[in-house]
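Chemist: Sharing run_26.cif below, mmCIF, C-alpha atoms and all ligand atoms:
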data_final
#
loop_
_atom_site.label_atom_id
_atom_site.label_comp_id
_atom_site.auth_asym_id
_atom_site.auth_seq_id
_atom_site.Cartn_x
_atom_site.Cartn_y
_atom_site.Cartn_z
CA MET A 1 89.84 -82.72 -34.60
CA GLY A 2 93.15 -81.58 -36.07
CA ASN A 3 95.10 -78.45 -35.25
CA THR A 4 93.68 -76.09 -37.83
CA CYS A 5 91.07 -74.00 -36.08
CA SER A 6 89.62 -71.56 -38.59
CA PHE A 7 86.69 -69.41 -37.64
CA PHE A 8 83.54 -69.93 -39.59
CA VAL A 9 80.78 -67.39 -39.55
CA ARG A 10 77.46 -68.92 -40.42
CA LYS A 11 76.25 -68.39 -43.95
CA HIS A 12 72.51 -68.19 -44.35
CA SER A 13 71.67 -70.98 -46.76
CA ASP A 14 68.91 -70.84 -49.35
CA ASP A 15 67.05 -73.72 -47.78
CA GLU A 16 67.22 -72.24 -44.29
CA SER A 17 63.50 -71.63 -44.43
CA LYS A 18 62.98 -75.33 -43.82
CA PHE A 19 64.07 -74.76 -40.23
CA ILE A 20 61.72 -71.87 -39.69
CA ILE A 21 58.59 -72.76 -37.86
CA SER A 22 55.21 -71.34 -38.69
CA LYS A 23 53.48 -68.74 -36.59
CA GLU A 24 50.52 -71.02 -35.97
CA LYS A 25 49.97 -72.20 -32.45
CA ILE A 26 49.16 -75.83 -31.84
CA SER A 27 47.38 -76.46 -35.08
CA SER A 28 46.43 -80.09 -35.08
CA SER A 29 46.86 -83.38 -33.37
CA ASN A 30 46.04 -86.99 -34.07
CA GLY A 31 46.58 -90.22 -32.20
CA GLU A 32 50.30 -90.51 -32.89
CA SER A 33 51.53 -86.97 -33.21
CA GLN A 34 50.79 -83.36 -32.50
CA VAL A 35 51.83 -80.32 -34.47
CA VAL A 36 53.24 -77.38 -32.55
CA GLU A 37 54.26 -74.25 -34.41
CA GLY A 38 54.36 -76.20 -37.65
CA ARG A 39 56.59 -79.01 -36.32
CA GLU A 40 55.43 -82.55 -35.60
CA PHE A 41 55.98 -84.07 -32.15
CA HIS A 42 55.17 -87.35 -30.41
CA ASN A 43 51.80 -87.47 -28.72
CA ASP A 44 52.45 -90.30 -26.26
CA PRO A 45 51.28 -89.29 -22.77
CA GLU A 46 53.86 -91.69 -21.24
CA SER A 47 56.76 -90.04 -23.04
CA VAL A 48 58.72 -86.92 -22.04
CA TYR A 49 60.59 -86.77 -25.36
CA VAL A 50 60.74 -83.09 -26.37
CA LEU A 51 62.28 -83.22 -29.85
CA ALA A 52 60.37 -83.23 -33.12
CA LYS A 53 59.64 -86.41 -35.10
CA ASP A 54 59.16 -84.96 -38.57
CA ASP A 55 61.25 -85.21 -41.74
CA ILE A 56 63.35 -82.15 -40.84
CA GLU A 57 64.35 -83.82 -37.58
CA LYS A 58 65.04 -87.16 -39.29
CA LYS A 59 67.34 -85.35 -41.72
CA ARG A 60 69.08 -83.62 -38.80
CA LEU A 61 69.65 -86.94 -37.04
CA ASN A 62 70.99 -88.52 -40.22
CA GLU A 63 73.45 -85.66 -40.60
CA VAL A 64 74.99 -86.21 -37.18
CA LEU A 65 75.63 -89.84 -38.09
CA GLY A 66 78.87 -88.67 -39.77
CA TYR A 67 80.12 -87.51 -36.41
CA TRP A 68 79.48 -90.84 -34.85
CA ILE A 69 81.06 -92.87 -37.65
CA TRP A 70 84.20 -90.88 -36.92
CA GLN A 71 83.71 -91.56 -33.23
CA LEU A 72 83.30 -95.28 -33.88
CA ASN A 73 86.42 -95.40 -36.02
CA PHE A 74 88.26 -93.86 -33.10
CA GLN A 75 87.22 -96.87 -31.06
CA ARG A 76 87.79 -99.35 -33.85
CA ARG A 77 89.74 -101.79 -31.74
CA ASN A 78 86.80 -102.22 -29.42
CA THR A 79 83.78 -101.96 -31.68
CA MET A 80 82.42 -104.01 -34.48
CA ASP A 81 82.59 -101.29 -37.08
CA GLN A 82 81.48 -103.61 -39.85
CA ILE A 83 78.04 -103.06 -38.37
CA TYR A 84 77.93 -99.78 -40.29
CA VAL A 85 76.92 -100.60 -43.82
CA LYS A 86 76.33 -98.20 -46.70
CA ASN A 87 73.20 -99.97 -47.90
CA TYR A 88 70.67 -101.84 -45.90
CA PRO A 89 71.06 -105.59 -46.37
CA LYS A 90 68.05 -107.41 -47.76
CA ASN A 91 67.33 -109.10 -44.45
CA CYS A 92 67.27 -105.77 -42.56
CA ARG A 93 63.91 -105.03 -40.96
CA PHE A 94 62.75 -101.94 -39.06
CA ALA A 95 60.39 -102.18 -36.12
CA ILE A 96 59.22 -99.84 -33.39
CA GLY A 97 59.57 -100.78 -29.74
CA ASN A 98 59.54 -99.01 -26.40
CA VAL A 99 62.74 -99.66 -24.48
CA LEU A 100 60.76 -99.44 -21.24
CA HIS A 101 58.34 -102.15 -22.24
CA GLU A 102 58.79 -105.89 -22.38
CA ASN A 103 60.81 -107.18 -25.33
CA PRO A 104 58.41 -106.83 -28.28
CA PHE A 105 60.65 -108.78 -30.66
CA GLU A 106 60.49 -112.23 -29.02
CA LYS A 107 64.17 -112.84 -29.68
CA ARG A 108 67.51 -111.86 -28.20
CA PHE A 109 70.19 -109.89 -30.00
CA ASP A 110 73.99 -109.98 -30.41
CA PHE A 111 74.29 -106.19 -30.56
CA VAL A 112 72.14 -103.22 -29.54
CA GLN A 113 72.98 -99.59 -30.22
CA MET A 114 71.22 -96.82 -28.32
CA ARG A 115 72.05 -93.37 -29.61
CA TYR A 116 70.87 -89.95 -28.44
CA PHE A 117 68.47 -90.84 -25.67
CA ALA A 118 69.52 -88.04 -23.29
CA VAL A 119 66.21 -86.27 -23.89
CA ALA A 120 64.17 -89.44 -24.35
CA LEU A 121 64.06 -90.91 -20.84
CA ARG A 122 63.32 -89.58 -17.38
CA ALA A 123 66.27 -89.75 -14.98
CA ASN A 124 64.65 -92.64 -13.13
CA GLU A 125 63.95 -94.66 -16.31
CA TRP A 126 67.56 -95.38 -17.30
CA ASP A 127 68.04 -98.29 -14.89
CA GLU A 128 64.85 -99.89 -16.20
CA ALA A 129 65.96 -99.32 -19.82
CA TYR A 130 69.37 -100.93 -19.28
CA ALA A 131 67.81 -103.88 -17.43
CA SER A 132 65.49 -104.31 -20.41
CA LEU A 133 68.40 -104.19 -22.88
CA PHE A 134 70.39 -106.62 -20.73
CA ASN A 135 67.49 -109.03 -21.06
CA GLN A 136 67.22 -108.47 -24.80
CA LEU A 137 70.88 -109.33 -25.44
CA LYS A 138 72.33 -112.82 -25.67
CA PRO A 139 75.05 -113.67 -23.12
CA GLY A 140 78.24 -112.14 -24.60
CA GLY A 141 76.17 -109.60 -26.55
CA TYR A 142 77.19 -105.96 -26.83
CA LEU A 143 75.43 -102.72 -25.95
CA GLN A 144 76.84 -99.60 -27.63
CA ILE A 145 75.80 -96.21 -26.28
CA LEU A 146 76.40 -92.89 -27.97
CA ASP A 147 75.19 -89.67 -26.40
CA THR A 148 75.93 -86.02 -26.14
CA SER A 149 75.69 -83.34 -23.50
CA ILE A 150 72.68 -81.03 -23.45
CA VAL A 151 74.91 -78.28 -22.10
CA LYS A 152 77.49 -76.85 -24.49
CA CYS A 153 80.85 -75.64 -23.18
CA THR A 154 80.90 -71.90 -23.77
CA THR A 155 81.34 -68.50 -22.18
CA GLU A 156 79.06 -66.80 -24.73
CA PRO A 157 76.13 -65.25 -22.81
CA GLU A 158 73.37 -66.10 -25.30
CA LEU A 159 74.50 -69.70 -25.68
CA LEU A 160 74.64 -69.90 -21.88
CA ASP A 161 71.01 -68.70 -21.83
CA ILE A 162 70.04 -71.43 -24.31
CA ASN A 163 71.93 -74.01 -22.22
CA GLN A 164 70.04 -72.94 -19.14
CA ALA A 165 66.66 -72.89 -20.87
CA PHE A 166 67.18 -76.34 -22.41
CA SER A 167 68.35 -77.77 -19.06
CA LYS A 168 65.30 -76.30 -17.30
CA LEU A 169 62.99 -77.58 -20.03
CA ILE A 170 64.16 -81.16 -19.66
CA ALA A 171 64.39 -80.91 -15.86
CA SER A 172 60.71 -79.90 -15.90
CA LYS A 173 60.05 -83.30 -17.50
CA GLY A 174 62.04 -85.25 -14.92
CA GLN A 175 65.09 -85.67 -17.16
CA ASP A 176 68.75 -85.27 -16.20
CA TYR A 177 70.77 -82.84 -18.35
CA ASP A 178 74.00 -84.54 -17.20
CA ILE A 179 72.91 -88.15 -17.77
CA GLY A 180 75.70 -88.87 -20.30
CA SER A 181 78.40 -88.91 -17.63
CA LYS A 182 76.45 -91.36 -15.46
CA LEU A 183 75.71 -94.08 -18.00
CA ALA A 184 78.70 -96.38 -17.34
CA LYS A 185 77.66 -96.77 -13.71
CA LYS A 186 74.08 -97.49 -14.75
CA MET A 187 75.18 -100.16 -17.25
CA GLU A 188 77.27 -101.82 -14.54
CA THR A 189 74.30 -101.77 -12.18
CA ALA A 190 72.30 -103.63 -14.84
CA GLY A 191 75.01 -106.34 -14.96
CA PHE A 192 77.09 -105.23 -17.97
CA ASN A 193 80.89 -105.14 -18.12
CA VAL A 194 81.79 -101.71 -19.51
CA ILE A 195 84.75 -102.38 -21.81
CA CYS A 196 85.05 -99.01 -23.50
CA ASN A 197 84.30 -95.61 -21.97
CA ASN A 198 85.18 -92.47 -23.93
CA LYS A 199 84.43 -88.83 -23.27
CA MET A 200 85.45 -86.38 -25.95
CA GLU A 201 85.21 -82.62 -26.26
CA VAL A 202 84.16 -81.80 -29.78
CA PRO A 203 84.30 -78.35 -31.43
CA MET A 204 81.01 -76.81 -32.52
CA GLY A 205 81.14 -74.44 -35.47
CA TRP A 206 84.92 -74.24 -35.73
CA GLY A 207 87.91 -76.41 -36.54
CA SER A 208 86.52 -78.36 -39.49
CA LYS A 209 83.68 -78.32 -41.99
CA ARG A 210 82.08 -81.19 -40.10
CA SER A 211 82.11 -79.12 -36.92
CA VAL A 212 80.46 -76.21 -38.76
CA ARG A 213 77.73 -78.57 -39.93
CA TYR A 214 77.32 -79.78 -36.37
CA ALA A 215 76.64 -76.20 -35.22
CA GLU A 216 74.03 -75.87 -37.99
CA ASN A 217 72.56 -79.12 -36.80
CA MET A 218 72.19 -77.68 -33.30
CA ARG A 219 70.55 -74.58 -34.78
CA SER A 220 67.94 -76.85 -36.35
CA LEU A 221 67.39 -78.65 -33.04
CA TYR A 222 67.06 -75.45 -31.00
CA ILE A 223 64.68 -73.89 -33.51
CA SER A 224 62.50 -77.01 -33.46
CA ILE A 225 61.99 -76.54 -29.72
CA ALA A 226 61.90 -72.73 -29.76
CA PRO A 227 58.41 -72.60 -28.17
CA GLY A 228 59.65 -74.56 -25.13
CA LEU A 229 62.88 -72.57 -24.89
CA ALA A 230 60.99 -69.27 -25.24
CA GLU A 231 58.75 -70.25 -22.34
CA GLN A 232 61.75 -70.98 -20.13
CA LEU A 233 63.41 -67.71 -21.15
CA HIS A 234 60.20 -65.68 -20.70
CA ILE A 235 60.50 -64.22 -24.19
CA ASP A 236 58.35 -64.59 -27.29
CA ILE A 237 59.12 -67.15 -29.96
CA ASP A 238 60.45 -64.70 -32.56
CA GLU A 239 62.79 -63.23 -29.99
CA CYS A 240 63.86 -66.73 -29.00
CA ILE A 241 64.63 -67.69 -32.61
CA ALA A 242 66.71 -64.52 -33.03
CA LYS A 243 68.59 -65.44 -29.84
CA ILE A 244 69.16 -69.00 -31.08
CA ASN A 245 70.54 -67.65 -34.36
CA ARG A 246 72.91 -65.27 -32.59
CA ALA A 247 74.01 -68.03 -30.18
CA CYS A 248 74.69 -70.46 -33.03
CA ASP A 249 76.48 -67.80 -35.09
CA SER A 250 78.78 -67.22 -32.12
CA MET A 251 79.72 -70.89 -31.63
CA GLY A 252 82.60 -70.67 -34.09
CA PRO A 253 84.12 -67.32 -33.08
CA THR A 254 83.91 -68.22 -29.37
CA LYS A 255 85.10 -71.81 -29.90
CA ALA A 256 82.17 -73.57 -28.28
CA THR A 257 82.53 -77.30 -27.64
CA VAL A 258 80.32 -80.16 -26.54
CA HIS A 259 81.02 -83.37 -24.66
CA VAL A 260 80.16 -86.62 -26.36
CA TRP A 261 80.21 -89.97 -24.65
CA SER A 262 80.57 -93.39 -26.18
CA TYR A 263 80.40 -96.62 -24.27
CA LEU A 264 80.66 -100.26 -25.24
CA ALA A 265 79.39 -102.77 -22.71
CA GLN A 266 79.12 -106.54 -22.80
CA LYS A 267 76.65 -108.86 -21.15
CA PRO A 268 78.84 -111.46 -19.39
CA LEU A 269 79.02 -114.82 -21.16
CA ASP A 270 78.02 -116.57 -17.97
CA ALA A 271 75.16 -114.15 -17.20
CA PRO A 272 71.71 -115.55 -16.75
CA LYS A 273 69.76 -114.98 -19.96
CA ALA A 274 67.53 -112.47 -18.24
CA ILE A 275 67.47 -110.74 -14.89
CA SER A 276 63.68 -110.70 -15.02
CA SER A 277 61.11 -112.30 -17.26
CA LEU A 278 60.90 -110.92 -20.81
C1 LIG A 301 67.22 -87.95 -30.48
S1 LIG A 301 66.31 -89.26 -31.21
C2 LIG A 301 67.60 -90.36 -31.70
C3 LIG A 301 67.14 -91.28 -32.80
C4 LIG A 301 68.19 -92.29 -33.28
N1 LIG A 301 68.50 -93.22 -32.20
C5 LIG A 301 69.43 -91.59 -33.77
O1 LIG A 301 70.46 -91.69 -33.14
O2 LIG A 301 69.35 -90.94 -34.81
C6 LIG A 301 65.66 -90.14 -29.82
C7 LIG A 301 64.72 -91.24 -30.25
O3 LIG A 301 64.28 -91.94 -29.11
C8 LIG A 301 62.94 -92.35 -29.35
N2 LIG A 301 62.35 -92.69 -28.05
C9 LIG A 301 61.93 -91.84 -27.09
N3 LIG A 301 61.48 -92.55 -26.02
C10 LIG A 301 61.64 -93.87 -26.34
C11 LIG A 301 61.36 -95.09 -25.66
N4 LIG A 301 60.83 -95.12 -24.43
N5 LIG A 301 61.66 -96.27 -26.28
C12 LIG A 301 62.20 -96.27 -27.53
N6 LIG A 301 62.49 -95.15 -28.22
C13 LIG A 301 62.21 -93.96 -27.63
C14 LIG A 301 62.33 -91.15 -30.06
O4 LIG A 301 61.19 -91.53 -30.80
C15 LIG A 301 63.47 -90.74 -30.98
O5 LIG A 301 63.39 -91.39 -32.20
#
Let me see the structure of the file written as structure tokens.
Ligand SMILES: C[S@@+](CC[C@H](N)C(=O)[O-])C[C@H]1O[C@@H](n2cnc3c(N)ncnc32)[C@H](O)[C@@H]1O

Modeler:
Amino acid sequence: MGNTCSFFVRKHSDDESKFIISKEKISSSNGESQVVEGREFHNDPESVYVLAKDDIEKKRLNEVLGYWIWQLNFQRRNTMDQIYVKNYPKNCRFAIGNVLHENPFEKRFDFVQMRYFAVALRANEWDEAYASLFNQLKPGGYLQILDTSIVKCTTEPELLDINQAFSKLIASKGQDYDIGSKLAKKMETAGFNVICNNKMEVPMGWGSKRSVRYAENMRSLYISIAPGLAEQLHIDIDECIAKINRACDSMGPTKATVHVWSYLAQKPLDAPKAISSL
């Protein structure tokens, strides 16, 4: 984080329009996704995941990777940082699976990373998810968890409003806004040994260029879910977007921070291969 804490006031970038959602109401849906206010979302009735799934969101998620590489380097002694590669190796394959379903891959793994699931699972689904991952790892295999708090640390009134609206939005879906702090206990319940447990308070919008980009990243996230936040705040969407912009502009001057958690857990070498059938 360093000691130099300059203030950064947000500059409106030329490509900002890519974050701006259209005025159309729900405009279309197909089997796999639905479009709300111009942004594409999952359309799985089983899922409570509230974030978008379109290219803008994928770009946002890729951008925050830089934060986590730094976080992983911090833990270098305990993590296998050679896992991060600049190019995908030829034998790398991508596949989609539901962590709450039986292992779709018909094999067990040496390492599983689960990043940013705080808004993906209901509060009561985490134990099931960790039991599933326990089963999908080989004895001695590692589970690495990276997650961030929904609630930002701030005294700024508009950011506090956004915090509250986001917390209420995910609570309405059975999710826990404070799940990050509870994950070590849940991994232990599933049978893991938690060998690394870090909580860090990270500046948002101040202190470094990376932190400024992180605040912009949050702006993109909040704007993608502006319809849901507006509903919780009882304001219209345009008003909500203006509020989000003011809240994000104030992150630097008011020195907002966010908690990030990183955990590394190991399935014991002498553990049974699975605690239930795969
Ligand atoms: C915030 S994104 C994080 C994506 C990626 N892990 C990263 O760190 O960039 C959360 C992801 O969880 C996925 N997801 C939600 N529910 C899931 C489930 N039950 N099983 C597997 N993935 C799920 C969503 O599709 C989304 O891609």

Chemist: With all atoms listed in the file as the counted atoms, please give the residues lying no more than 9 Å from A:Thr257, apart from itself and same-chain residues fewer than 3 positions off, as a PyMOL selection string.

Modeler: chain A and resi 152-154+201-206+251

Chemist: Expressed in Å to a single decimal, how great is the separation between atom CA of A:Thr254 and atom CA of A:Leu160?

Modeler: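 These atoms are spaced 12.0 Å apart.
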
Chemist: Considering only C-alpha atoms and all ligand atoms, give me a table of residues in chain A that are at most 9 Å from ligand LIG 301 (chain A), with the closest atom pair and distance in Å for each, as a tab-separated table.

Modeler:
residue	atom	partner	partner_atom	distance
A:His42	CA	A:LIG301	O4	7.3
A:Glu46	CA	A:LIG301	N4	8.4
A:Ser47	CA	A:LIG301	N3	6.1
A:Val48	CA	A:LIG301	N3	7.4
A:Tyr49	CA	A:LIG301	C9	5.5
A:Val50	CA	A:LIG301	C9	8.9
A:Leu51	CA	A:LIG301	C1	6.9
A:Ala52	CA	A:LIG301	C15	8.4
A:Lys53	CA	A:LIG301	O4	6.9
A:Glu57	CA	A:LIG301	S1	8.6
A:Lys58	CA	A:LIG301	O2	7.3
A:Arg60	CA	A:LIG301	O2	8.3
A:Leu61	CA	A:LIG301	O2	4.6
A:Asn62	CA	A:LIG301	O2	6.1
A:Glu63	CA	A:LIG301	O2	8.8
A:Val64	CA	A:LIG301	O2	7.7
A:Leu65	CA	A:LIG301	O2	7.2
A:Ile96	CA	A:LIG301	C12	7.5
A:Gly97	CA	A:LIG301	C12	5.7
A:Asn98	CA	A:LIG301	N5	3.5
A:Val99	CA	A:LIG301	N5	4.0
A:Leu100	CA	A:LIG301	N4	5.4
A:His101	CA	A:LIG301	N4	7.8
A:Gln113	CA	A:LIG301	N1	8.0
A:Met114	CA	A:LIG301	N1	6.0
A:Arg115	CA	A:LIG301	O1	4.2
A:Tyr116	CA	A:LIG301	C1	4.6
A:Phe117	CA	A:LIG301	C6	5.1
A:Ala118	CA	A:LIG301	C1	7.5
A:Val119	CA	A:LIG301	C1	6.9
A:Ala120	CA	A:LIG301	C9	4.3
A:Leu121	CA	A:LIG301	N3	6.0
A:Glu125	CA	A:LIG301	N4	8.7
A:Ala129	CA	A:LIG301	N4	8.1
A:Leu146	CA	A:LIG301	O1	8.0
A:Asp147	CA	A:LIG301	O1	8.5

Chemist: Fewer than 4 positions away in the same chain doesn't count, so skip those; otherwise give me all residues within 12 Å of A:Ala95, counting all atoms listed in the file, as a PyMOL selection string.

Modeler: chain A and resi 103-105

Chemist: Expressed in Å to a single decimal, how great is the separation between atom CA of A:Cys248 and atom CA of A:Ala215?

Modeler: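 Distance reported for this atom pair: 6.4 Å.
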
Chemist: Provide the atom CA of A:Gly140 to atom CA of A:Met200 distance in Å, to one decimal place.

Modeler: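 Between atom CA of A:Gly140 and atom CA of A:Met200 the gap is 26.8 Å.
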
Chemist: So, counting all atoms listed in the file, which residue among A:Ser181, A:Gln232, A:Thr155, A:Ser208 is closest to A:Tyr263?

Modeler: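 Checking each candidate against A:Tyr263, we get A:Ser181 as the closest.
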